file protein10.cif (mmCIF, C-alpha atoms)
data_start
#
loop_
_atom_site.label_atom_id
_atom_site.label_comp_id
_atom_site.auth_asym_id
_atom_site.auth_seq_id
_atom_site.Cartn_x
_atom_site.Cartn_y
_atom_site.Cartn_z
CA LYS A 11 0.00 0.00 0.00
CA THR A 12 2.84 2.36 0.85
CA GLY A 13 4.52 1.65 -2.48
CA ALA A 14 1.27 2.19 -4.36
CA LYS A 15 0.64 5.45 -2.56
CA ALA A 16 4.16 6.68 -3.33
CA TYR A 17 3.73 5.74 -6.97
CA GLU A 18 0.41 7.61 -7.11
CA LEU A 19 1.94 10.76 -5.61
CA LEU A 20 4.90 10.57 -7.99
CA ASN A 21 2.59 10.06 -10.94
CA ASN A 22 0.44 13.05 -9.95
CA LYS A 23 3.56 15.16 -9.59
CA ASN A 24 4.74 14.10 -13.04
CA VAL A 25 1.33 14.92 -14.50
CA ARG A 26 1.39 18.39 -12.98
CA SER A 27 4.91 18.96 -14.27
CA LEU A 28 3.88 17.79 -17.74
CA ARG A 29 0.85 20.10 -17.73
CA GLN A 30 2.99 23.01 -16.65
CA ALA A 31 5.49 22.33 -19.44
CA GLN A 32 2.70 21.97 -21.99
CA CYS A 33 1.11 25.14 -20.71
CA GLU A 34 4.33 27.03 -21.25
CA ARG A 35 4.53 25.67 -24.82
CA GLY A 36 0.85 26.52 -25.41
CA ASN A 37 -0.22 22.90 -26.11
CA ILE A 38 -3.15 22.79 -23.69
CA GLY A 39 -4.58 26.29 -23.75
CA LYS A 40 -7.67 25.50 -21.68
CA HIS A 41 -5.69 24.26 -18.69
CA CYS A 42 -3.19 27.08 -19.07
CA MET A 43 -5.98 29.65 -19.19
CA SER A 44 -7.67 28.29 -16.05
CA THR A 45 -4.37 28.39 -14.18
CA LYS A 46 -3.52 31.85 -15.41
CA ASN A 47 -6.93 33.26 -14.53
CA ASN A 48 -6.39 32.29 -10.91
CA HIS A 49 -3.27 34.43 -10.54
CA LEU A 50 -2.64 38.16 -10.60
CA SER A 51 0.21 39.98 -12.22
CA LEU A 52 2.31 42.41 -10.20
CA TRP A 53 0.52 45.39 -11.74
CA SER A 54 -2.92 43.92 -10.96
CA ALA A 55 -1.86 43.33 -7.36
CA ILE A 56 -0.65 46.95 -7.11
CA ILE A 57 -4.01 48.20 -8.41
CA ILE A 58 -5.90 46.12 -5.83
CA ASN A 59 -3.61 47.35 -3.05
CA LEU A 60 -4.19 50.95 -4.14
CA ASN A 61 -7.93 50.43 -4.04
CA ILE A 62 -7.66 48.92 -0.58
CA ILE A 63 -5.61 51.76 0.88
CA ILE A 64 -7.14 54.74 -0.95
CA GLY A 65 -10.51 55.46 0.61
CA SER A 66 -12.76 58.25 1.73
CA GLY A 67 -10.35 59.21 4.53
CA VAL A 68 -8.10 61.33 2.31
CA PHE A 69 -11.08 63.38 1.05
CA ILE A 70 -12.71 63.74 4.47
CA ASN A 71 -9.41 64.87 6.00
CA THR A 72 -8.64 67.52 3.39
CA THR A 73 -10.26 70.55 5.02
CA GLU A 74 -9.65 69.39 8.59
CA LEU A 75 -5.93 68.90 7.97
CA ALA A 76 -5.79 72.35 6.38
CA LYS A 77 -7.38 73.86 9.49
CA ARG A 78 -5.13 72.05 11.96
CA ALA A 79 -1.73 72.07 10.25
CA GLY A 80 -2.13 74.48 7.35
CA LEU A 81 0.44 73.92 4.63
CA LEU A 82 2.08 71.24 6.78
CA GLY A 83 -0.92 68.95 6.35
CA SER A 84 0.92 67.30 3.47
CA LEU A 85 3.96 66.81 5.69
CA CYS A 86 1.77 64.87 8.15
CA TYR A 87 1.31 62.15 5.52
CA GLY A 88 5.08 61.91 5.13
CA ILE A 89 5.56 61.70 8.92
CA VAL A 90 2.97 58.96 9.37
CA GLY A 91 4.28 57.14 6.31
CA PHE A 92 7.75 57.12 7.87
CA LEU A 93 6.40 55.99 11.27
CA LEU A 94 4.50 53.12 9.66
CA LEU A 95 7.45 52.05 7.53
CA PRO A 96 8.82 49.52 10.10
CA LEU A 97 5.39 47.89 10.23
CA ILE A 98 5.21 47.79 6.42
CA LEU A 99 8.67 46.22 6.23
CA SER A 100 7.60 43.64 8.84
CA PHE A 101 4.68 42.61 6.65
CA VAL A 102 6.98 42.46 3.66
CA GLN A 103 9.38 40.17 5.51
CA LEU A 104 6.50 37.97 6.66
CA LEU A 105 5.36 37.61 3.05
CA VAL A 106 8.86 36.54 2.05
CA ILE A 107 8.81 33.85 4.77
CA HIS A 108 5.13 32.90 4.34
CA PRO A 109 4.10 33.66 0.72
CA SER A 110 0.58 32.34 1.32
CA GLY A 111 -0.11 35.52 3.33
CA GLY A 112 -2.82 36.23 5.86
CA PHE A 113 -2.78 36.73 9.61
CA TYR A 114 -3.54 33.08 10.31
CA SER A 115 -0.52 31.96 8.32
CA PHE A 116 1.72 34.54 9.95
CA CYS A 117 0.68 33.80 13.55
CA SER A 118 0.12 30.05 13.36
CA ARG A 119 3.47 29.31 11.75
CA SER A 120 5.53 31.90 13.61
CA ILE A 121 3.91 31.60 17.06
CA HIS A 122 1.16 29.00 17.55
CA PRO A 123 -1.97 27.84 15.68
CA LEU A 124 -4.13 29.07 18.58
CA MET A 125 -2.71 32.57 18.17
CA GLY A 126 -3.44 32.38 14.47
CA PHE A 127 -7.03 31.36 15.20
CA LEU A 128 -7.61 34.14 17.74
CA ASN A 129 -5.86 36.80 15.68
CA THR A 130 -7.79 35.96 12.52
CA TRP A 131 -11.21 36.06 14.18
CA CYS A 132 -10.43 39.28 16.09
CA TYR A 133 -9.30 40.94 12.89
CA PHE A 134 -12.32 39.57 11.01
CA PHE A 135 -14.88 41.09 13.38
CA ALA A 136 -12.95 44.37 13.70
CA LYS A 137 -12.59 44.77 9.94
CA LEU A 138 -16.21 43.72 9.36
CA SER A 139 -17.42 46.36 11.83
CA SER A 140 -15.23 49.02 10.22
CA ALA A 141 -16.38 48.15 6.70
CA THR A 142 -20.04 48.10 7.76
CA LEU A 143 -19.72 51.51 9.36
CA SER A 144 -18.00 52.88 6.25
CA ILE A 145 -20.80 51.60 4.03
CA HIS A 146 -23.45 53.15 6.28
CA ILE A 147 -21.65 56.51 6.35
CA PHE A 148 -21.35 56.38 2.56
CA THR A 149 -25.11 55.76 2.33
CA LEU A 150 -25.92 58.72 4.58
CA LEU A 151 -23.59 61.02 2.62
CA ALA A 152 -25.11 59.85 -0.68
CA GLN A 153 -28.61 60.59 0.59
CA LYS A 154 -27.57 64.11 1.64
CA THR A 155 -25.82 64.73 -1.67
CA PHE A 156 -28.70 63.35 -3.76
CA PRO A 157 -32.04 64.27 -2.08
CA ALA A 158 -33.89 61.89 -4.40
CA LEU A 159 -32.43 58.99 -2.39
CA ALA A 160 -33.60 60.38 0.97
CA PHE A 161 -36.91 58.49 0.92
CA ILE A 162 -35.10 55.10 0.81
CA ASN A 163 -34.40 53.42 4.12
CA PRO A 164 -30.60 53.57 4.73
CA ILE A 165 -30.59 49.95 5.86
CA ILE A 166 -31.98 48.88 2.49
CA CYS A 167 -29.23 50.84 0.73
CA ASP A 168 -26.65 49.16 2.95
CA ILE A 169 -27.99 45.73 2.05
CA VAL A 170 -27.94 46.56 -1.68
CA ILE A 171 -24.32 47.74 -1.50
CA LEU A 172 -23.30 44.64 0.48
CA THR A 173 -25.05 42.40 -2.07
CA VAL A 174 -23.25 44.09 -4.99
CA LEU A 175 -19.89 43.74 -3.24
CA LEU A 176 -20.62 40.10 -2.46
CA LEU A 177 -21.43 39.35 -6.12
CA LEU A 178 -18.30 41.15 -7.29
CA ASN A 179 -16.15 39.10 -4.91
CA MET A 180 -17.58 35.89 -6.37
CA LEU A 181 -16.18 36.70 -9.81
CA ASN A 182 -12.99 35.36 -11.30
CA VAL A 183 -9.79 36.92 -10.00
CA ARG A 184 -8.92 38.33 -13.41
CA THR A 185 -12.38 39.81 -13.86
CA GLY A 186 -12.17 41.29 -10.38
CA SER A 187 -8.86 42.94 -11.22
CA LYS A 188 -10.45 44.67 -14.23
CA ILE A 189 -13.22 46.02 -12.01
CA GLN A 190 -10.55 47.16 -9.57
CA SER A 191 -8.87 49.07 -12.40
CA TRP A 192 -12.01 51.10 -13.09
CA LEU A 193 -12.54 51.75 -9.39
CA MET A 194 -8.97 52.96 -9.11
CA ILE A 195 -9.54 55.40 -11.97
CA LEU A 196 -12.60 56.81 -10.19
CA LYS A 197 -10.67 57.19 -6.94
CA LEU A 198 -7.57 58.73 -8.48
CA SER A 199 -9.39 61.21 -10.75
CA PRO A 200 -10.07 63.78 -7.97
CA LEU A 201 -6.51 63.44 -6.67
CA PHE A 202 -4.95 64.02 -10.09
CA LEU A 203 -7.39 66.86 -10.79
CA VAL A 204 -6.28 68.75 -7.66
CA ILE A 205 -2.59 68.03 -8.32
CA ALA A 206 -2.84 69.19 -11.95
CA SER A 207 -4.76 72.31 -10.90
CA GLY A 208 -2.07 73.03 -8.35
CA PHE A 209 0.59 73.18 -11.03
CA LEU A 210 -1.53 75.57 -13.11
CA PHE A 211 -3.08 77.85 -10.45
CA LEU A 212 -0.60 77.75 -7.59
CA GLN A 213 -0.89 80.72 -5.23
CA GLY A 214 2.49 81.65 -3.80
CA SER A 215 0.89 83.61 -0.95
CA ASN A 216 -0.26 80.34 0.64
CA LEU A 217 3.30 79.01 0.82
CA THR A 218 4.60 81.52 3.35
CA ALA A 219 5.71 80.68 6.90
CA VAL A 220 2.48 81.99 8.42
CA HIS A 221 0.62 79.04 6.89
CA GLN A 222 2.97 76.46 8.44
CA LEU A 223 1.14 75.50 11.63
CA TRP A 224 3.70 73.32 13.41
CA ALA A 225 1.65 73.22 16.61
CA GLY A 226 -1.22 71.53 14.78
CA ILE A 227 0.78 68.52 13.59
CA PRO A 228 0.15 66.34 16.72
CA ALA A 229 -3.60 66.89 16.37
CA ALA A 230 -3.47 66.06 12.65
CA ILE A 231 -1.54 62.78 12.98
CA PRO A 232 -4.57 60.64 14.03
CA LEU A 233 -6.53 61.81 10.97
CA VAL A 234 -3.69 60.86 8.66
CA LEU A 235 -3.25 57.49 10.37
CA HIS A 236 -6.90 56.67 9.72
CA ALA A 237 -6.53 57.55 6.03
CA LEU A 238 -3.62 55.11 5.60
CA LEU A 239 -5.23 52.09 7.24
CA GLY A 240 -5.94 49.10 5.01
CA PHE A 241 -2.46 48.18 3.82
CA GLU A 242 -2.59 45.01 5.94
CA VAL A 243 -5.45 43.64 3.81
CA ALA A 244 -3.06 43.47 0.88
CA CYS A 245 -1.34 40.50 2.53
CA ALA A 246 -4.46 38.39 2.03
CA ILE A 247 -4.18 38.45 -1.79
CA SER A 248 -0.54 37.34 -1.94
CA ARG A 249 -1.53 33.72 -2.54
CA ASN A 250 -3.26 34.81 -5.76
CA ILE A 251 -0.24 36.68 -7.13
CA GLU A 252 2.18 35.23 -9.63
CA ASN A 253 5.44 34.39 -7.84
CA PRO A 254 4.05 35.60 -4.47
CA GLN A 255 7.36 35.40 -2.63
CA VAL A 256 8.77 38.14 -4.88
CA ASN A 257 5.77 40.03 -6.24
CA GLY A 258 3.82 40.07 -2.96
CA PRO A 259 6.35 42.26 -1.09
CA ARG A 260 6.93 44.38 -4.21
CA ALA A 261 3.20 45.04 -4.57
CA ILE A 262 2.93 46.27 -0.98
CA LEU A 263 6.02 48.50 -1.13
CA ILE A 264 5.19 50.03 -4.51
CA SER A 265 1.53 50.69 -3.69
CA TYR A 266 2.42 52.13 -0.28
CA GLY A 267 4.97 54.48 -1.82
CA ILE A 268 2.49 55.60 -4.49
CA VAL A 269 -0.21 56.33 -1.89
CA ILE A 270 2.08 58.38 0.37
CA THR A 271 3.36 60.41 -2.60
CA LEU A 272 -0.13 61.07 -3.99
CA TYR A 273 -1.55 62.04 -0.59
CA MET A 274 1.29 64.50 0.08
CA LEU A 275 0.94 66.13 -3.34
CA TYR A 276 -2.87 66.25 -3.10
CA GLN A 277 -2.96 67.84 0.36
CA GLY A 278 -0.16 70.29 -0.41
CA PHE A 279 -1.59 71.51 -3.71
CA PHE A 280 -5.11 71.69 -2.27
CA TYR A 281 -3.94 74.12 0.43
CA ALA A 282 -1.85 76.07 -2.05
CA LEU A 283 -4.91 76.51 -4.29
CA VAL A 284 -7.29 77.79 -1.62
#

call {"tool": "encode", "arguments": {"input": "protein10.cif", "output": "structure tokens"}}
result
Amino acid sequence: KTGAKAYELLNNKNVRSLRQAQCERGNIGKHCMSTKNNHLSLWSAIIINLNIIIGSGVFINTTELAKRAGLLGSLCYGIVGFLLLPLILSFVQLLVIHPSGGFYSFCSRSIHPLMGFLNTWCYFFAKLSSATLSIHIFTLLAQKTFPALAFINPIICDIVILTVLLLLNMLNVRTGSKIQSWLMILKLSPLFLVIASGFLFLQGSNLTAVHQLWAGIPAAIPLVLHALLGFEVACAISRNIENPQVNGPRAILISYGIVITLYMLYQGFFYALV
């Protein structure tokens, strides 16, 4: 029985190796396509990470940061980005060691399976509560912005949004990445619009020392920290990335650097414009 089992495992391994070789030569396109569709390229992973990190926080914080720190509101993003860098590098190193990603994998293999179990469920309920609250706030803001939606019960709107998100998450990984691309365009359009306007209509009077409110930086840091939360979710998709041990860490570092740069430029040019 042991010999038969070993032969079966060896045979399955040979079959997988043969399919992989044939896939590379293009001989069995159907199998190759199904395997390829289940993995993301580095660029697709970066787009998903950007969508995870970029949220409503940066737009909600714009005026409040300007009031608290003035022109230095953009510097607050750089400060928090630097303070979070050790944590980001820790996640990157964990992805190198555990390419499958996820808090359960990190904790169960590095500490103990019980810690992985507890950590995963704590994070699940915390993230679920945060996402639910964000959806409800979005619904309330949409109803105030568009009075025609005011007669609809907010709970019904929340359920509709959750249903749409659930259906989108049931799609193929490749299809989901295309949807993520369009969402990223919608999110980045206001940022690029403000940055481009800043280059064209920059007001030098707003760049003087009187607008640099150093005393307001400590009060502005919590707002910036909230706007940068979400990078940890990027670890969960590493198992779906091509060559996750290499592209997983790259996707996190590149997307994090892009977000910090865009946020600093957006906040700085917004204050310089007004």

call {"tool": "closest_residue", "arguments": {"input": "protein10.cif", "among": "A:Thr185, A:Ser215, A:Gly88, A:Ser207", "to": "His49 in chain A", "atoms": "only C-alpha atoms"}}
result
A:Thr185

call {"tool": "closest_residue", "arguments": {"input": "protein10.cif", "among": "A:Leu52, A:Val243, A:Val170, A:Leu233", "to": "Lys137 in chain A", "atoms": "all atoms listed in the file"}}
result
A:Val243

call {"tool": "atom_distance", "arguments": {"input": "protein10.cif", "atom1": "CA of Leu272 in chain A", "atom2": "CA of Phe202 in chain A"}}
result
8.3 Å

call {"tool": "atom_distance", "arguments": {"input": "protein10.cif", "atom1": "CA of Asn163 in chain A", "atom2": "CA of Phe148 in chain A"}}
result
13.5 Å

call {"tool": "residues_around", "arguments": {"input": "protein10.cif", "residues": "Arg249 in chain A", "least_positions_apart": "2", "cutoff": "10 Å", "atoms": "all atoms listed in the file", "output": "list in words"}}
result
Asn48, His49, Leu50, Leu105, His108, Pro109, Ser110, Gly111, Gly112, Cys245, Ala246, Ile247, Ile251, Glu252, Asn253, Pro254, Gln255 and Gly258 of chain A

call {"tool": "atom_distance", "arguments": {"input": "protein10.cif", "atom1": "CA of Val106 in chain A", "atom2": "CA of Arg119 in chain A"}}
result
13.2 Å

call {"tool": "closest_residue", "arguments": {"input": "protein10.cif", "among": "A:Thr218, A:Ala237, A:Thr173, A:Ala244", "to": "Thr72 in chain A", "atoms": "only C-alpha atoms"}}
result
A:Ala237

call {"tool": "residues_around", "arguments": {"input": "protein10.cif", "residues": "range 77-85 of chain A", "least_positions_apart": "5", "cutoff": "12 Å", "atoms": "only C-alpha atoms", "output": "PyMOL selection string"}}
result
chain A and resi 68+71-72+90-92+214-234+270-284

call {"tool": "residues_around", "arguments": {"input": "protein10.cif", "residues": "range 127-132 of chain A", "least_positions_apart": "3", "cutoff": "10 Å", "atoms": "all atoms listed in the file", "output": "PyMOL selection string"}}
result
chain A and resi 112-118+122-124+135-138
